[in-house]
$ cat upload_3.cif   # mmCIF, C-alpha atoms
data_entry
loop_
_atom_site.group_PDB
_atom_site.id
_atom_site.type_symbol
_atom_site.label_atom_id
_atom_site.label_comp_id
_atom_site.auth_asym_id
_atom_site.auth_seq_id
_atom_site.Cartn_x
_atom_site.Cartn_y
_atom_site.Cartn_z
ATOM 1 C CA MET A 447 58.410 111.561 106.125
ATOM 2 C CA SER A 448 56.684 111.636 102.713
ATOM 3 C CA ALA A 449 54.439 108.872 101.343
ATOM 4 C CA SER A 450 56.958 107.925 98.677
ATOM 5 C CA THR A 451 59.694 107.581 101.287
ATOM 6 C CA GLN A 452 57.456 105.369 103.430
ATOM 7 C CA THR A 453 56.695 103.138 100.447
ATOM 8 C CA GLU A 454 60.365 102.701 99.628
ATOM 9 C CA ALA A 455 61.152 101.965 103.255
ATOM 10 C CA THR A 456 58.510 99.243 103.540
ATOM 11 C CA VAL A 457 59.687 97.200 100.539
ATOM 12 C CA PRO A 458 60.459 93.709 101.925
ATOM 13 C CA PRO A 459 64.135 92.766 101.646
ATOM 14 C CA ALA A 460 63.130 89.294 100.373
ATOM 15 C CA ALA A 461 61.284 90.828 97.431
ATOM 16 C CA ALA A 462 64.271 92.983 96.547
ATOM 17 C CA SER A 463 66.637 90.014 96.727
ATOM 18 C CA ALA A 464 64.268 87.887 94.606
ATOM 19 C CA ALA A 465 64.090 90.597 91.980
ATOM 20 C CA SER A 466 67.858 90.840 91.801
ATOM 21 C CA ALA A 467 68.216 87.049 91.725
ATOM 22 C CA ALA A 468 65.858 86.571 88.746
ATOM 23 C CA PRO A 469 68.402 87.627 86.080
ATOM 24 C CA ALA A 470 71.042 85.510 87.794
ATOM 25 C CA GLN A 471 68.740 82.468 87.680
ATOM 26 C CA GLY A 472 68.106 83.057 83.980
ATOM 27 C CA LEU A 473 71.836 83.310 83.352
ATOM 28 C CA GLY A 474 72.329 80.138 85.355
ATOM 29 C CA ARG A 475 69.816 78.262 83.225
ATOM 30 C CA HIS A 476 71.606 79.324 80.044
ATOM 31 C CA SER A 477 74.941 78.298 81.550
ATOM 32 C CA HIS A 478 73.505 74.923 82.583
ATOM 33 C CA ALA A 479 72.135 74.334 79.073
ATOM 34 C CA LEU A 480 75.526 75.187 77.563
ATOM 35 C CA ASP A 481 77.237 72.794 79.974
ATOM 36 C CA ASN A 482 74.860 70.008 78.891
ATOM 37 C CA ILE A 483 75.561 70.692 75.209
ATOM 38 C CA ILE A 484 79.334 70.680 75.790
ATOM 39 C CA THR A 485 79.102 67.453 77.805
ATOM 40 C CA ILE A 486 77.162 65.676 75.059
ATOM 41 C CA ALA A 487 79.529 67.033 72.390
ATOM 42 C CA LYS A 488 82.545 65.734 74.325
ATOM 43 C CA ARG A 489 80.827 62.359 74.644
ATOM 44 C CA GLU A 490 80.323 62.191 70.884
ATOM 45 C CA ILE A 491 83.860 63.301 70.038
ATOM 46 C CA THR A 492 85.274 60.715 72.444
ATOM 47 C CA GLY A 493 83.083 58.069 70.824
ATOM 48 C CA TYR A 494 84.452 58.944 67.385
ATOM 49 C CA PHE A 495 88.106 58.650 68.337
ATOM 50 C CA ALA A 496 87.638 55.695 70.690
ATOM 51 C CA SER A 497 87.471 53.451 67.629
ATOM 52 C CA PRO A 498 89.375 53.383 64.333
ATOM 53 C CA VAL A 499 86.298 54.722 62.505
ATOM 54 C CA ALA A 500 87.324 58.371 62.845
ATOM 55 C CA TYR A 501 90.842 57.753 61.591
ATOM 56 C CA VAL A 502 89.631 55.620 58.696
ATOM 57 C CA PHE A 503 87.153 58.317 57.679
ATOM 58 C CA ILE A 504 89.801 61.060 57.776
ATOM 59 C CA VAL A 505 92.230 58.987 55.710
ATOM 60 C CA ILE A 506 89.557 58.143 53.133
ATOM 61 C CA PHE A 507 88.455 61.769 52.929
ATOM 62 C CA LEU A 508 92.011 63.036 52.404
ATOM 63 C CA LEU A 509 92.779 60.381 49.797
ATOM 64 C CA LEU A 510 89.587 61.045 47.835
ATOM 65 C CA ALA A 511 90.066 64.812 48.068
ATOM 66 C CA GLY A 512 93.583 64.482 46.708
ATOM 67 C CA PHE A 513 92.521 62.068 43.986
ATOM 68 C CA PHE A 514 89.701 64.288 42.716
ATOM 69 C CA THR A 515 91.836 67.416 42.930
ATOM 70 C CA PHE A 516 95.031 66.241 41.269
ATOM 71 C CA MET A 517 93.908 63.329 39.090
ATOM 72 C CA VAL A 518 90.308 63.963 38.054
ATOM 73 C CA GLY A 519 90.440 67.745 38.396
ATOM 74 C CA LYS A 520 93.860 67.908 36.649
ATOM 75 C CA PHE A 521 95.231 70.439 39.102
ATOM 76 C CA PHE A 522 98.621 70.891 37.418
ATOM 77 C CA ASP A 523 97.175 71.088 33.909
ATOM 78 C CA ARG A 524 95.102 74.145 34.849
ATOM 79 C CA HIS A 525 98.205 76.331 35.320
ATOM 80 C CA GLU A 526 96.392 78.504 37.867
ATOM 81 C CA ALA A 527 97.083 79.164 41.530
ATOM 82 C CA SER A 528 93.664 78.296 42.937
ATOM 83 C CA LEU A 529 91.801 75.478 44.656
ATOM 84 C CA SER A 530 88.830 75.488 42.296
ATOM 85 C CA SER A 531 89.575 71.888 41.276
ATOM 86 C CA PHE A 532 89.479 71.008 44.980
ATOM 87 C CA PHE A 533 86.217 72.655 46.034
ATOM 88 C CA VAL A 534 84.237 71.809 42.905
ATOM 89 C CA TRP A 535 84.034 68.148 43.955
ATOM 90 C CA HIS A 536 82.903 68.742 47.543
ATOM 91 C CA PRO A 537 79.134 68.510 46.932
ATOM 92 C CA TRP A 538 79.664 65.056 45.437
ATOM 93 C CA LEU A 539 82.380 64.017 47.879
ATOM 94 C CA TYR A 540 80.224 64.920 50.875
ATOM 95 C CA LEU A 541 77.261 63.116 49.317
ATOM 96 C CA PHE A 542 78.489 59.787 50.685
ATOM 97 C CA LEU A 543 81.008 60.724 53.363
ATOM 98 C CA VAL A 544 78.816 63.034 55.456
ATOM 99 C CA PRO A 545 75.859 60.601 55.675
ATOM 100 C CA ALA A 546 78.372 57.961 56.749
ATOM 101 C CA VAL A 547 79.227 60.197 59.714
ATOM 102 C CA GLY A 548 75.667 61.225 60.555
ATOM 103 C CA MET A 549 73.873 57.904 60.112
ATOM 104 C CA ARG A 550 74.838 56.689 63.589
ATOM 105 C CA LEU A 551 73.917 59.809 65.549
ATOM 106 C CA TRP A 552 70.431 58.665 66.578
ATOM 107 C CA SER A 553 70.079 55.275 64.879
ATOM 108 C CA GLU A 554 72.725 53.807 67.163
ATOM 109 C CA GLU A 555 71.055 55.322 70.228
ATOM 110 C CA ARG A 556 67.724 53.795 69.242
ATOM 111 C CA ARG A 557 69.210 50.409 68.369
ATOM 112 C CA LEU A 558 71.044 50.099 71.687
ATOM 113 C CA GLY A 559 68.131 51.529 73.649
ATOM 114 C CA THR A 560 70.281 54.285 75.137
ATOM 115 C CA ILE A 561 68.087 57.054 73.710
ATOM 116 C CA GLU A 562 65.623 56.528 76.580
ATOM 117 C CA LEU A 563 68.461 56.808 79.082
ATOM 118 C CA LEU A 564 69.779 59.934 77.385
ATOM 119 C CA LEU A 565 66.404 61.673 77.339
ATOM 120 C CA THR A 566 65.575 60.752 80.956
ATOM 121 C CA MET A 567 68.692 62.546 82.127
ATOM 122 C CA PRO A 568 68.406 66.262 83.022
ATOM 123 C CA VAL A 569 68.982 67.101 79.366
ATOM 124 C CA THR A 570 66.381 68.483 76.996
ATOM 125 C CA ALA A 571 65.920 67.075 73.515
ATOM 126 C CA TRP A 572 67.247 70.202 71.801
ATOM 127 C CA GLN A 573 70.379 70.182 73.973
ATOM 128 C CA ALA A 574 71.097 66.593 72.959
ATOM 129 C CA ILE A 575 70.461 67.396 69.283
ATOM 130 C CA VAL A 576 72.700 70.475 69.284
ATOM 131 C CA GLY A 577 75.436 68.675 71.217
ATOM 132 C CA LYS A 578 75.523 65.706 68.842
ATOM 133 C CA PHE A 579 75.335 67.906 65.764
ATOM 134 C CA ALA A 580 78.068 70.270 67.002
ATOM 135 C CA ALA A 581 80.430 67.372 67.725
ATOM 136 C CA SER A 582 79.931 65.793 64.297
ATOM 137 C CA TRP A 583 80.229 69.158 62.553
ATOM 138 C CA ALA A 584 83.480 69.858 64.405
ATOM 139 C CA PHE A 585 84.768 66.440 63.343
ATOM 140 C CA LEU A 586 84.004 67.210 59.684
ATOM 141 C CA ALA A 587 85.639 70.631 60.021
ATOM 142 C CA LEU A 588 88.726 68.941 61.457
ATOM 143 C CA ALA A 589 88.910 66.573 58.487
ATOM 144 C CA LEU A 590 88.614 69.545 56.133
ATOM 145 C CA ALA A 591 91.282 71.488 58.038
ATOM 146 C CA LEU A 592 93.725 68.632 57.493
ATOM 147 C CA THR A 593 93.744 69.490 53.783
ATOM 148 C CA PHE A 594 95.968 72.507 54.578
ATOM 149 C CA PRO A 595 98.901 70.987 52.588
ATOM 150 C CA MET A 596 96.900 71.850 49.461
ATOM 151 C CA VAL A 597 96.883 75.492 50.491
ATOM 152 C CA ILE A 598 100.631 75.356 51.082
ATOM 153 C CA THR A 599 101.106 73.752 47.651
ATOM 154 C CA VAL A 600 99.117 76.462 45.891
ATOM 155 C CA CYS A 601 100.960 79.217 47.743
ATOM 156 C CA TYR A 602 104.284 77.620 46.798
ATOM 157 C CA LEU A 603 103.404 77.341 43.112
ATOM 158 C CA GLY A 604 101.955 80.829 42.695
ATOM 159 C CA LYS A 605 100.264 83.798 44.288
ATOM 160 C CA PRO A 606 96.680 82.744 44.932
ATOM 161 C CA ASP A 607 93.837 84.902 46.205
ATOM 162 C CA LEU A 608 93.735 83.874 49.859
ATOM 163 C CA GLY A 609 90.328 85.501 50.292
ATOM 164 C CA VAL A 610 88.809 83.260 47.637
ATOM 165 C CA MET A 611 90.333 80.167 49.245
ATOM 166 C CA PHE A 612 89.041 81.234 52.656
ATOM 167 C CA CYS A 613 85.533 81.655 51.241
ATOM 168 C CA GLY A 614 85.833 78.229 49.637
ATOM 169 C CA TYR A 615 86.581 76.652 52.999
ATOM 170 C CA VAL A 616 83.726 78.557 54.655
ATOM 171 C CA GLY A 617 81.310 77.389 51.973
ATOM 172 C CA SER A 618 82.567 73.819 52.310
ATOM 173 C CA VAL A 619 82.033 73.852 56.081
ATOM 174 C CA PHE A 620 78.472 75.147 55.704
ATOM 175 C CA LEU A 621 77.750 72.630 52.950
ATOM 176 C CA ALA A 622 78.964 69.796 55.183
ATOM 177 C CA GLY A 623 76.817 71.183 58.010
ATOM 178 C CA ALA A 624 73.713 71.186 55.792
ATOM 179 C CA TYR A 625 74.313 67.585 54.698
ATOM 180 C CA LEU A 626 74.999 66.591 58.309
ATOM 181 C CA ALA A 627 71.772 68.162 59.589
ATOM 182 C CA ILE A 628 69.807 66.186 57.002
ATOM 183 C CA SER A 629 71.660 63.018 58.019
ATOM 184 C CA CYS A 630 70.820 63.774 61.635
ATOM 185 C CA MET A 631 67.145 64.007 60.691
ATOM 186 C CA THR A 632 67.114 60.737 58.756
ATOM 187 C CA SER A 633 69.034 59.037 61.558
ATOM 188 C CA ALA A 634 66.236 59.917 63.977
ATOM 189 C CA ILE A 635 63.645 58.292 61.725
ATOM 190 C CA THR A 636 64.986 54.734 61.868
ATOM 191 C CA ARG A 637 67.168 52.582 64.055
ATOM 192 C CA ASN A 638 68.782 50.972 61.010
ATOM 193 C CA GLN A 639 71.970 52.794 60.043
ATOM 194 C CA VAL A 640 71.911 51.505 56.468
ATOM 195 C CA ILE A 641 68.401 52.859 55.901
ATOM 196 C CA SER A 642 69.436 56.155 57.496
ATOM 197 C CA PHE A 643 72.439 56.334 55.158
ATOM 198 C CA ILE A 644 70.333 55.668 52.056
ATOM 199 C CA LEU A 645 67.676 58.218 53.021
ATOM 200 C CA SER A 646 70.238 60.915 53.682
ATOM 201 C CA VAL A 647 72.069 60.217 50.399
ATOM 202 C CA VAL A 648 68.795 60.500 48.474
ATOM 203 C CA ALA A 649 67.846 63.737 50.253
ATOM 204 C CA CYS A 650 71.288 65.294 49.686
ATOM 205 C CA LEU A 651 71.271 64.153 46.062
ATOM 206 C CA PHE A 652 67.972 65.968 45.590
ATOM 207 C CA LEU A 653 69.565 69.155 46.935
ATOM 208 C CA ILE A 654 72.280 68.813 44.278
ATOM 209 C CA LEU A 655 70.137 67.873 41.300
ATOM 210 C CA ALA A 656 67.284 70.291 42.051
ATOM 211 C CA GLY A 657 69.147 73.176 40.429
ATOM 212 C CA TRP A 658 71.282 71.240 37.957
ATOM 213 C CA PRO A 659 70.618 72.627 34.434
ATOM 214 C CA PRO A 660 70.043 69.233 32.720
ATOM 215 C CA VAL A 661 67.484 68.336 35.394
ATOM 216 C CA THR A 662 65.703 71.695 35.339
ATOM 217 C CA GLU A 663 65.538 71.632 31.542
ATOM 218 C CA LEU A 664 64.012 68.160 31.604
ATOM 219 C CA PHE A 665 61.627 69.183 34.367
ATOM 220 C CA SER A 666 60.536 72.346 32.539
ATOM 221 C CA GLN A 667 59.259 70.319 29.565
ATOM 222 C CA TRP A 668 56.152 69.223 31.448
ATOM 223 C CA ALA A 669 56.058 71.391 34.606
ATOM 224 C CA PRO A 670 55.187 75.102 34.835
ATOM 225 C CA ASN A 671 58.035 77.564 35.262
ATOM 226 C CA TRP A 672 56.992 78.612 38.759
ATOM 227 C CA LEU A 673 57.206 74.998 39.939
ATOM 228 C CA VAL A 674 60.609 74.522 38.305
ATOM 229 C CA GLU A 675 61.920 77.691 39.957
ATOM 230 C CA PHE A 676 60.437 76.645 43.296
ATOM 231 C CA VAL A 677 62.156 73.245 43.208
ATOM 232 C CA ALA A 678 65.410 74.769 41.940
ATOM 233 C CA GLY A 679 65.368 77.115 44.930
ATOM 234 C CA PHE A 680 66.192 74.150 47.182
ATOM 235 C CA SER A 681 69.449 73.438 45.360
ATOM 236 C CA VAL A 682 72.688 73.915 47.278
ATOM 237 C CA MET A 683 74.765 74.279 44.119
ATOM 238 C CA PRO A 684 74.113 77.982 43.276
ATOM 239 C CA HIS A 685 74.797 79.019 46.869
ATOM 240 C CA PHE A 686 77.937 76.902 47.191
ATOM 241 C CA GLU A 687 79.280 78.067 43.821
ATOM 242 C CA SER A 688 78.677 81.694 44.791
ATOM 243 C CA VAL A 689 80.680 81.328 48.012
ATOM 244 C CA GLN A 690 83.335 79.325 46.181
ATOM 245 C CA ARG A 691 83.927 82.277 43.846
ATOM 246 C CA GLY A 692 84.865 84.385 46.862
ATOM 247 C CA VAL A 693 81.547 86.111 47.540
ATOM 248 C CA LEU A 694 80.290 85.735 51.115
ATOM 249 C CA ASP A 695 76.716 86.800 50.485
ATOM 250 C CA SER A 696 74.401 86.793 53.494
ATOM 251 C CA ARG A 697 71.690 85.165 51.368
ATOM 252 C CA ASP A 698 73.895 82.133 50.727
ATOM 253 C CA LEU A 699 74.849 81.737 54.378
ATOM 254 C CA THR A 700 71.218 82.244 55.389
ATOM 255 C CA PHE A 701 70.204 79.452 53.022
ATOM 256 C CA PHE A 702 72.615 76.984 54.624
ATOM 257 C CA LEU A 703 71.718 78.073 58.153
ATOM 258 C CA SER A 704 67.993 77.823 57.387
ATOM 259 C CA LEU A 705 68.490 74.317 56.042
ATOM 260 C CA ILE A 706 70.425 73.343 59.169
ATOM 261 C CA VAL A 707 67.879 74.850 61.570
ATOM 262 C CA PHE A 708 64.916 73.301 59.753
ATOM 263 C CA SER A 709 66.518 69.841 59.701
ATOM 264 C CA LEU A 710 67.462 70.007 63.386
ATOM 265 C CA PHE A 711 63.986 71.273 64.281
ATOM 266 C CA THR A 712 62.464 68.330 62.402
ATOM 267 C CA THR A 713 64.865 66.027 64.237
ATOM 268 C CA GLY A 714 63.564 67.394 67.532
ATOM 269 C CA VAL A 715 59.955 66.760 66.480
ATOM 270 C CA ILE A 716 60.796 63.178 65.504
ATOM 271 C CA ILE A 717 62.654 62.477 68.758
ATOM 272 C CA ARG A 718 59.890 63.961 70.902
ATOM 273 C CA SER A 719 57.367 61.787 69.073
ATOM 274 C CA HIS A 720 59.449 58.687 69.873
ATOM 275 C CA ARG A 721 59.701 59.842 73.466
ATOM 276 C CA ALA A 722 55.952 60.378 73.718
ATOM 277 C CA GLY A 723 55.297 57.005 72.152
#
$ encode --input "upload_3.cif" --output "structure tokens"
Amino acid sequence: MSASTQTEATVPPAAASAASAAPAQGLGRHSHALDNIITIAKREITGYFASPVAYVFIVIFLLLAGFFTFMVGKFFDRHEASLSSFFVWHPWLYLFLVPAVGMRLWSEERRLGTIELLLTMPVTAWQAIVGKFAASWAFLALALALTFPMVITVCYLGKPDLGVMFCGYVGSVFLAGAYLAISCMTSAITRNQVISFILSVVACLFLILAGWPPVTELFSQWAPNWLVEFVAGFSVMPHFESVQRGVLDSRDLTFFLSLIVFSLFTTGVIIRSHRAG
């Protein structure tokens, strides 16, 4: 028998089984983390619809969306088969509605003292953050999906570009996700929901006005151009308007995803600091 054959024959069965079990353990950890995220998301969704708050929010959102589209946006006076008068108001509509959804995510947990109970469970901070954020984002997407009668109306009145409308909805979902991530961050800062709401509105308003031409022109009168361009780069408006026109550019989606990831990462840092304290 050769030396190589002897070496193969003397490999302990326990070592071989451990080596084969390592990938399975890693897969099990990922599966366990996903189960924790889904459990927390279900808990949040149940909390939304356990009270009239969710239904009131959806009704208010649909009424305001219809009012801005048909009354303020003069939908019928445009004589065009598109939802441009619908999507153009979303940055301003979400400015108050999304913080109203996100202000309770962590502020309520801190006020009731349940954040300590949540974080002492076999759940990591990032799993709790992702689970809460995913549930609230899904709730906002559901409210947006309920505007489908507008799509039916446009299709009945003319022959719209369905691709442009689809891009508009995609951009709206990502915009709501960016606002929600910021609201999640401000909610982790304080246990007062009103303060969380105000902070998130101010932060989201900055993301709107940063690239608004009247603001940049006023800012450029005393600030250097590189600083004006740097601040304007944080604006959500150019990216949302690009997607709204029917262009799904990876740079626009990357901007929204980067904003979401950064805000959720900051939320994790804030929560871990509270936990350490």
$ resolve_selection --input "upload_3.cif" --expression "the PyMOL selection byres ((chain A and resi 512-521) around 12)" --output "VMD selection string"
chain A and resid 505 to 511 522 to 536 538 to 539 590 592 to 596 599 to 600 603
$ closest_residue --input "upload_3.cif" --among "A:Ile491, A:Val616, A:Val693, A:Leu543" --to "A:Lys578" --atoms "only C-alpha atoms"
A:Ile491
$ atom_distance --input "upload_3.cif" --atom1 "atom CA of A:Arg697" --atom2 "atom CA of A:Trp583"
21.3 Å
$ atom_distance --input "upload_3.cif" --atom1 "atom CA of A:Asn482" --atom2 "atom CA of A:Ala591"
26.6 Å
$ resolve_selection --input "upload_3.cif" --expression "the PyMOL selection byres ((chain A and resi 683) around 9)" --output "list of chain:residue names"
A:Pro537, A:Leu653, A:Ile654, A:Leu655, A:Ala656, A:Gly657, A:Trp658, A:Ser681, A:Val682, A:Pro684, A:His685, A:Phe686, A:Glu687, A:Ser688
$ closest_residue --input "upload_3.cif" --among "A:Ala546, A:Gly692, A:Val502, A:Ser477" --to "A:Asp607" --atoms "all atoms listed in the file"
A:Gly692
$ resolve_selection --input "upload_3.cif" --expression "the PyMOL selection byres ((chain A and resi 662) around 12)" --output "list in words"
Phe652, Ile654, Leu655, Ala656, Gly657, Trp658, Pro659, Pro660, Val661, Glu663, Leu664, Phe665, Ser666, Gln667, Trp668, Ala669, Pro670, Asn671, Trp672, Leu673, Val674, Glu675, Phe676, Val677, Ala678, Gly679 and Ser681 of chain A
$ closest_residue --input "upload_3.cif" --among "A:Ser497, A:Gln690, A:Ser704, A:Ser709" --to "A:Gly617" --atoms "only C-alpha atoms"
A:Gln690
$ closest_residue --input "upload_3.cif" --among "A:Gly609, A:Pro498, A:Gly548, A:Gly714" --to "A:Phe585" --atoms "all atoms listed in the file"
A:Gly548
$ closest_residue --input "upload_3.cif" --among "A:Trp572, A:Glu554, A:Asp695, A:Phe701" --to "A:Ala624" --atoms "all atoms listed in the file"
A:Phe701
$ atom_distance --input "upload_3.cif" --atom1 "atom CA of A:Ser642" --atom2 "atom CA of A:Ile486"
21.4 Å
